[in-house]
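Shown next: target_9.tsv, given as TSV, C-alpha atoms.
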```tsv
chain	number	residue	atom	x	y	z
A	1	MET	CA	-13.64	-3.60	17.16
A	2	ARG	CA	-13.95	-0.62	14.83
A	3	PRO	CA	-13.24	-0.56	11.09
A	4	LEU	CA	-9.61	0.44	10.37
A	5	LYS	CA	-8.85	1.09	14.04
A	6	PRO	CA	-5.24	0.01	14.65
A	7	VAL	CA	-4.22	-2.39	17.41
A	8	SER	CA	-1.14	-2.20	19.57
A	9	ARG	CA	2.00	-4.08	18.57
A	10	SER	CA	1.78	-6.40	21.58
A	11	ARG	CA	-1.86	-7.24	20.92
A	12	ARG	CA	-1.09	-7.89	17.24
A	13	ALA	CA	1.66	-10.33	18.26
A	14	VAL	CA	-0.64	-12.14	20.70
A	15	LEU	CA	-3.41	-12.47	18.12
A	16	GLY	CA	-0.96	-13.70	15.49
A	17	VAL	CA	0.48	-16.37	17.78
A	18	ALA	CA	-3.02	-17.36	18.91
A	19	PHE	CA	-3.99	-18.40	15.39
A	20	PHE	CA	-0.95	-20.66	15.07
A	21	VAL	CA	-1.76	-22.24	18.44
A	22	PHE	CA	-5.33	-22.86	17.28
A	23	PHE	CA	-4.15	-24.29	13.95
A	24	PHE	CA	-1.68	-26.74	15.47
A	25	SER	CA	-4.19	-27.72	18.16
A	26	LEU	CA	-6.76	-28.55	15.50
A	27	TRP	CA	-4.16	-30.43	13.44
A	28	SER	CA	-3.11	-32.44	16.51
A	29	ALA	CA	-6.70	-33.27	17.42
A	30	VAL	CA	-7.46	-34.51	13.91
A	31	THR	CA	-4.32	-36.62	13.52
A	32	PHE	CA	-3.75	-37.96	17.05
A	33	GLY	CA	-7.48	-38.64	17.37
A	34	GLY	CA	-7.35	-40.93	14.36
A	35	LEU	CA	-9.88	-38.95	12.33
A	36	VAL	CA	-7.49	-38.93	9.35
A	37	PRO	CA	-5.10	-41.80	8.49
A	38	LYS	CA	-1.40	-40.90	8.84
A	39	THR	CA	-0.86	-41.96	5.23
A	40	PHE	CA	-2.86	-38.91	4.16
A	41	LEU	CA	-1.89	-36.47	6.92
A	42	ALA	CA	1.05	-36.89	9.29
A	43	ASP	CA	0.72	-35.68	12.87
A	44	PRO	CA	2.87	-32.75	14.12
A	45	MET	CA	5.36	-35.00	15.97
A	46	THR	CA	5.94	-37.15	12.89
A	47	MET	CA	6.40	-34.02	10.82
A	48	VAL	CA	9.05	-32.72	13.24
A	49	ARG	CA	10.92	-36.07	13.23
A	50	GLU	CA	10.88	-36.18	9.44
A	51	GLY	CA	12.11	-32.58	9.30
A	52	ILE	CA	15.04	-33.35	11.58
A	53	ALA	CA	15.87	-36.38	9.42
A	54	LEU	CA	15.78	-34.24	6.30
A	55	PHE	CA	18.41	-31.87	7.67
A	56	ALA	CA	20.52	-34.48	9.46
A	57	VAL	CA	20.50	-37.29	6.89
A	58	HIS	CA	19.32	-36.03	3.51
A	59	GLY	CA	21.12	-32.66	3.30
A	60	PHE	CA	17.92	-30.62	3.13
A	61	ALA	CA	19.84	-27.43	3.91
A	62	ILE	CA	21.31	-27.57	0.39
A	63	ASP	CA	17.81	-27.88	-1.09
A	64	VAL	CA	16.64	-24.88	0.93
A	65	GLY	CA	19.65	-22.85	-0.18
A	66	MET	CA	19.09	-23.71	-3.84
A	67	THR	CA	15.44	-22.70	-3.68
A	68	VAL	CA	16.25	-19.40	-1.95
A	69	TRP	CA	18.92	-18.69	-4.56
A	70	ARG	CA	16.48	-19.37	-7.41
A	71	VAL	CA	13.77	-17.16	-5.95
A	72	GLY	CA	16.21	-14.36	-5.14
A	73	GLY	CA	18.01	-14.52	-8.48
A	74	GLY	CA	14.91	-14.61	-10.65
A	75	PHE	CA	13.10	-11.97	-8.60
A	76	VAL	CA	16.03	-9.52	-8.54
A	77	LEU	CA	16.56	-9.96	-12.28
A	78	ALA	CA	12.88	-9.23	-12.92
A	79	ALA	CA	12.82	-6.23	-10.56
A	80	VAL	CA	15.97	-4.63	-12.02
A	81	ILE	CA	14.36	-4.52	-15.46
A	82	ALA	CA	10.68	-4.15	-14.54
A	83	VAL	CA	10.89	-1.26	-12.06
A	84	PRO	CA	12.51	1.25	-14.46
A	85	LEU	CA	10.13	0.20	-17.24
A	86	GLY	CA	7.15	0.57	-14.90
A	87	ILE	CA	8.32	4.01	-13.81
A	88	ALA	CA	8.69	5.09	-17.44
A	89	MET	CA	5.20	3.79	-18.27
A	90	GLY	CA	3.64	5.52	-15.29
A	91	ALA	CA	5.39	8.83	-15.94
A	92	TYR	CA	5.13	9.06	-19.71
A	93	LYS	CA	1.79	8.18	-21.30
A	94	PRO	CA	3.13	7.45	-24.83
A	95	ILE	CA	5.41	4.78	-23.35
A	96	GLU	CA	2.46	3.41	-21.41
A	97	ALA	CA	0.32	3.32	-24.56
A	98	PHE	CA	3.06	1.37	-26.34
A	99	PHE	CA	3.77	-1.27	-23.67
A	100	GLU	CA	0.58	-1.54	-21.60
A	101	PRO	CA	-1.52	-3.72	-23.97
A	102	PHE	CA	1.20	-6.36	-24.22
A	103	VAL	CA	2.05	-6.25	-20.51
A	104	SER	CA	-1.63	-6.59	-19.58
A	105	PHE	CA	-1.89	-9.56	-21.94
A	106	ALA	CA	1.31	-11.24	-20.77
A	107	ARG	CA	0.63	-10.96	-17.04
A	108	TYR	CA	-2.33	-13.34	-17.39
A	109	LEU	CA	-0.15	-16.07	-18.89
A	110	PRO	CA	0.73	-18.63	-16.17
A	111	ALA	CA	4.47	-19.00	-15.70
A	112	SER	CA	4.06	-22.76	-15.35
A	113	ALA	CA	2.78	-22.95	-18.94
A	114	PHE	CA	6.21	-21.82	-20.17
A	115	ILE	CA	8.09	-24.65	-18.42
A	116	PRO	CA	8.00	-27.10	-21.39
A	117	LEU	CA	9.28	-24.36	-23.71
A	118	LEU	CA	11.92	-23.20	-21.25
A	119	ILE	CA	13.18	-26.77	-20.85
A	120	LEU	CA	13.57	-26.94	-24.64
A	121	TRP	CA	15.28	-23.55	-24.82
A	122	ALA	CA	17.39	-23.56	-21.64
A	123	GLY	CA	17.53	-27.21	-20.54
A	124	ILE	CA	16.78	-28.31	-17.00
A	125	GLY	CA	19.56	-26.32	-15.32
A	126	GLU	CA	19.44	-23.21	-13.18
A	127	LEU	CA	18.70	-20.87	-16.09
A	128	GLN	CA	15.35	-22.53	-16.68
A	129	LYS	CA	14.33	-22.09	-13.02
A	130	LEU	CA	15.41	-18.44	-13.03
A	131	LEU	CA	13.46	-17.77	-16.21
A	132	VAL	CA	10.28	-19.21	-14.69
A	133	ILE	CA	10.63	-16.80	-11.76
A	134	PHE	CA	11.45	-13.96	-14.14
A	135	ILE	CA	8.41	-14.53	-16.35
A	136	GLY	CA	6.10	-14.94	-13.37
A	137	SER	CA	7.34	-11.75	-11.68
A	138	PHE	CA	8.33	-9.35	-14.47
A	139	PHE	CA	4.97	-8.43	-15.95
A	140	GLN	CA	3.28	-8.18	-12.55
A	141	ILE	CA	5.94	-5.77	-11.30
A	142	VAL	CA	5.82	-3.63	-14.46
A	143	LEU	CA	2.08	-3.09	-14.29
A	144	MET	CA	1.93	-2.53	-10.52
A	145	VAL	CA	4.76	0.01	-10.64
A	146	ALA	CA	3.21	1.81	-13.63
A	147	VAL	CA	-0.15	2.10	-11.86
A	148	THR	CA	1.52	3.33	-8.67
A	149	VAL	CA	3.57	6.03	-10.41
A	150	GLY	CA	0.63	7.09	-12.56
A	151	ALA	CA	-1.53	7.59	-9.46
A	152	THR	CA	0.71	10.36	-8.08
A	153	ARG	CA	-1.31	13.39	-6.97
A	154	ARG	CA	-1.62	15.87	-9.82
A	155	ASP	CA	-1.47	18.87	-7.51
A	156	LEU	CA	2.06	17.88	-6.48
A	157	VAL	CA	3.12	17.61	-10.13
A	158	GLU	CA	1.57	20.98	-11.00
A	159	ALA	CA	3.20	22.60	-7.99
A	160	ALA	CA	6.60	21.29	-9.13
A	161	TYR	CA	6.09	22.73	-12.61
A	162	THR	CA	5.01	26.05	-11.09
A	163	LEU	CA	8.26	26.16	-9.10
A	164	GLY	CA	10.27	25.68	-12.30
A	165	ALA	CA	10.97	21.94	-12.31
A	166	SER	CA	11.74	20.21	-15.60
A	167	SER	CA	10.07	17.01	-16.74
A	168	SER	CA	12.98	14.87	-15.55
A	169	GLY	CA	13.01	16.85	-12.30
A	170	VAL	CA	9.33	16.07	-11.73
A	171	VAL	CA	10.09	12.37	-12.13
A	172	ARG	CA	13.08	12.51	-9.75
A	173	ARG	CA	11.73	14.92	-7.15
A	174	VAL	CA	7.98	14.20	-7.15
A	175	LEU	CA	6.95	10.95	-8.80
A	176	LEU	CA	9.66	8.70	-7.39
A	177	PRO	CA	9.53	9.91	-3.75
A	178	SER	CA	5.75	9.75	-3.81
A	179	ALA	CA	5.56	6.27	-5.35
A	180	ALA	CA	8.64	4.67	-3.73
A	181	PRO	CA	6.84	3.24	-0.63
A	182	ALA	CA	4.08	1.71	-2.76
A	183	ILE	CA	6.63	0.35	-5.25
A	184	ALA	CA	8.47	-1.36	-2.41
A	185	GLU	CA	5.17	-2.78	-1.15
A	186	SER	CA	4.42	-4.11	-4.64
A	187	LEU	CA	7.81	-5.82	-4.72
A	188	ARG	CA	7.03	-7.43	-1.37
A	189	LEU	CA	3.78	-8.85	-2.72
A	190	VAL	CA	5.33	-10.14	-5.93
A	191	LEU	CA	8.14	-11.83	-3.97
A	192	GLY	CA	5.46	-13.96	-2.32
A	193	TRP	CA	4.15	-14.99	-5.73
A	194	ALA	CA	7.70	-15.86	-6.84
A	195	TRP	CA	7.77	-18.65	-4.27
A	196	THR	CA	4.82	-20.35	-5.92
A	197	TYR	CA	6.55	-20.18	-9.29
A	198	VAL	CA	9.82	-21.71	-8.09
A	199	ILE	CA	8.11	-24.68	-6.46
A	200	VAL	CA	6.26	-25.41	-9.69
A	201	ALA	CA	9.56	-25.15	-11.60
A	202	GLU	CA	11.25	-27.55	-9.17
A	203	LEU	CA	8.49	-30.12	-9.48
A	204	ILE	CA	9.59	-30.78	-13.08
A	205	GLY	CA	13.12	-31.62	-14.13
A	206	ALA	CA	14.90	-30.61	-10.93
A	207	SER	CA	17.49	-32.54	-8.94
A	208	SER	CA	17.55	-30.21	-5.93
A	209	GLY	CA	15.35	-27.73	-4.11
A	210	ILE	CA	12.34	-27.87	-1.82
A	211	GLY	CA	9.98	-28.70	-4.69
A	212	HIS	CA	12.20	-31.62	-5.70
A	213	MET	CA	12.11	-32.93	-2.12
A	214	ILE	CA	8.33	-32.65	-2.04
A	215	THR	CA	8.06	-34.65	-5.28
A	216	ASP	CA	10.30	-37.41	-3.91
A	217	SER	CA	8.32	-37.49	-0.67
A	218	GLN	CA	5.07	-37.81	-2.59
A	219	ALA	CA	6.39	-40.91	-4.35
A	220	LEU	CA	7.18	-42.42	-0.93
A	221	LEU	CA	3.81	-41.32	0.56
A	222	ASN	CA	5.80	-39.46	3.24
A	223	THR	CA	3.33	-36.73	4.17
A	224	GLY	CA	5.48	-35.70	7.12
A	225	GLN	CA	8.27	-34.53	4.82
A	226	ILE	CA	5.81	-32.89	2.43
A	227	ILE	CA	4.23	-30.88	5.24
A	228	PHE	CA	7.63	-29.97	6.64
A	229	GLY	CA	8.75	-28.67	3.24
A	230	ILE	CA	5.59	-26.58	2.95
A	231	ILE	CA	6.12	-25.15	6.45
A	232	VAL	CA	9.75	-24.30	5.66
A	233	ILE	CA	8.57	-22.32	2.62
A	234	GLY	CA	6.05	-20.50	4.79
A	235	VAL	CA	8.64	-19.67	7.45
A	236	ILE	CA	11.13	-18.34	4.89
A	237	GLY	CA	8.38	-16.31	3.26
A	238	LEU	CA	7.25	-14.90	6.61
A	239	VAL	CA	10.80	-13.88	7.54
A	240	SER	CA	11.41	-12.24	4.15
A	241	ASP	CA	8.05	-10.48	4.42
A	242	TYR	CA	8.91	-8.94	7.78
A	243	LEU	CA	12.39	-7.99	6.53
A	244	PHE	CA	10.76	-6.23	3.57
A	245	LYS	CA	8.39	-4.34	5.89
A	246	TRP	CA	11.23	-3.37	8.21
A	247	SER	CA	13.39	-2.18	5.30
A	248	ASN	CA	10.53	-0.19	3.80
A	249	GLN	CA	9.92	1.61	7.08
A	250	ARG	CA	13.60	2.51	7.36
A	251	LEU	CA	14.06	3.53	3.72
A	252	PHE	CA	10.78	5.44	3.36
A	253	PRO	CA	9.92	6.93	6.76
A	254	TRP	CA	7.59	9.49	5.16
A	255	SER	CA	5.20	6.66	4.28
A	256	LEU	CA	4.35	6.36	7.99
A	257	ALA	CA	3.28	10.00	8.28
```
Would you give me this structure, written as structure tokens?
Amino acid sequence: MRPLKPVSRSRRAVLGVAFFVFFFSLWSAVTFGGLVPKTFLADPMTMVREGIALFAVHGFAIDVGMTVWRVGGGFVLAAVIAVPLGIAMGAYKPIEAFFEPFVSFARYLPASAFIPLLILWAGIGELQKLLVIFIGSFFQIVLMVAVTVGATRRDLVEAAYTLGASSSGVVRRVLLPSAAPAIAESLRLVLGWAWTYVIVAELIGASSGIGHMITDSQALLNTGQIIFGIIVIGVIGLVSDYLFKWSNQRLFPWSLA
């Protein structure tokens, strides 16, 4: 192995699958070997049976759909507002000077801390869940986009001015194309964080969703269902992550050069 030396796509797939095989083998050895009581950690077969029961008997597909809708809705709402603001902050330093102190302050505030207030303001319906995702994602996106746009190479900007570009033209023709791949990558990372926020929101005052199912399973000491819910979140996140990567490669092919 050499630092930063890439591996082939087939070898990457084999190594990725190998870790999952090792993980499930270790899990099976610990649970089937009786090293951990099933009350505290269900074995893989029990987890699979409980997962099938969730879909077949308890309508878990509706919970999954509600959670995906909450993550998607809150994240898209945050991105639609945060990306333009981040671009403006990165491109124009007076705007950055005005917003950056507050954004830097607000991004350290945990979204879960706002849940009691949001329940008072918006109730326990869908709006409250969306606002938790929005608060948790908005400030992170703004700052990451601003940093990305502000890091554009100065020689490219100066070359554009030399060729007669206006300020708005520099933003459209230089800053945005240069920063677009990194902005998309930032959105991919923040989407992963949004999943942690929605589960926290669903643990309190929710009647549907994966987090709600996990809370009910905890009360019944059903670790098989809890683990299955966690794995479902991971699978959905992994699929969305690869879709983001695939879309970024198609939309911004120059980022691969």
Report task. Go ahead and compute the interatomic distance for atom CA of Ile214 of chain A and atom CA of Lys129 of chain A, in Å to one decimal. Result ->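 Computed distance, atom CA of Ile214 of chain A to atom CA of Lys129 of chain A, equals 16.4 Å.
Considering all atoms listed in the file, the residue among A:Leu251, A:Leu118, A:Val232, A:Met144 positioned nearest to Ala79 of chain A is A:Met144.
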Query raised in the report: Pick the closest to Ala201 of chain A from A:Arg250, A:Arg70, A:Arg188, A:Arg173: which is it, counting all atoms listed in the file?
Result: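 Comparing A:Arg250, A:Arg70, A:Arg188, A:Arg173 against Ala201 of chain A, the winner is A:Arg70.
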Query raised in the report: In terms of the shortest atom-to-atom distance over all atoms listed in the file, which of A:Phe20, A:Phe138, A:Phe228, A:Tyr242 is closest to Val83 of chain A?
Result: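 Going through A:Phe20, A:Phe138, A:Phe228, A:Tyr242 one by one, the smallest distance to Val83 of chain A is for A:Phe138.
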Report summary line: Gln128 of chain A proximity check over A:Val17, A:Ile204, A:Leu220, A:Val68, using all atoms listed in the file: winner is A:Ile204
Requested in this report: Calculate how many Å separate atom CA of Val30 of chain A from atom CA of Asp43 of chain A, rounding to one decimal.
Outcome: 8.3 Å
Report task. Determine the nearest neighbour of Val80 of chain A from the options A:Ile141, A:Ile52, A:Val157, A:Val57, counting all atoms listed in the file. Result -> A:Ile141
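For the set A:Ile124, A:Val142, A:Ala61, A:Ile226, the residue with the smallest atom-to-atom gap to Arg107 of chain A is A:Val142, counting only C-alpha atoms.
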How close does segment 50-109 of chain A get to segment 177-182 of chain A? List, as JSON lines, each residue of segment 50-109 of chain A within 12 Å, its nearest atom pair and the distance in Å to one decimal, counting only C-alpha atoms.
```
{"residue": "A:Val83", "atom": "CA", "partner": "A:Ala180", "partner_atom": "CA", "distance": 10.5}
{"residue": "A:Pro84", "atom": "CA", "partner": "A:Ala180", "partner_atom": "CA", "distance": 11.9}
{"residue": "A:Gly86", "atom": "CA", "partner": "A:Ala179", "partner_atom": "CA", "distance": 11.2}
{"residue": "A:Ile87", "atom": "CA", "partner": "A:Ala179", "partner_atom": "CA", "distance": 9.2}
{"residue": "A:Gly90", "atom": "CA", "partner": "A:Ala179", "partner_atom": "CA", "distance": 10.2}
{"residue": "A:Ala91", "atom": "CA", "partner": "A:Ala179", "partner_atom": "CA", "distance": 10.9}
```
Please produce an output containing C-alpha atoms for each residue in the selection, written as a JSON list (two decimals), keeping the file's coordinate frame.
```json
[["chain", "number", "residue", "atom", "x", "y", "z"],
["A", 83, "VAL", "CA", 10.89, -1.26, -12.06],
["A", 84, "PRO", "CA", 12.51, 1.25, -14.46],
["A", 86, "GLY", "CA", 7.15, 0.57, -14.90],
["A", 87, "ILE", "CA", 8.32, 4.01, -13.81],
["A", 90, "GLY", "CA", 3.64, 5.52, -15.29],
["A", 91, "ALA", "CA", 5.39, 8.83, -15.94]]
```
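We find atom CA of Ser208 of chain A and atom CA of Met66 of chain A to be spaced 7.0 Å apart.
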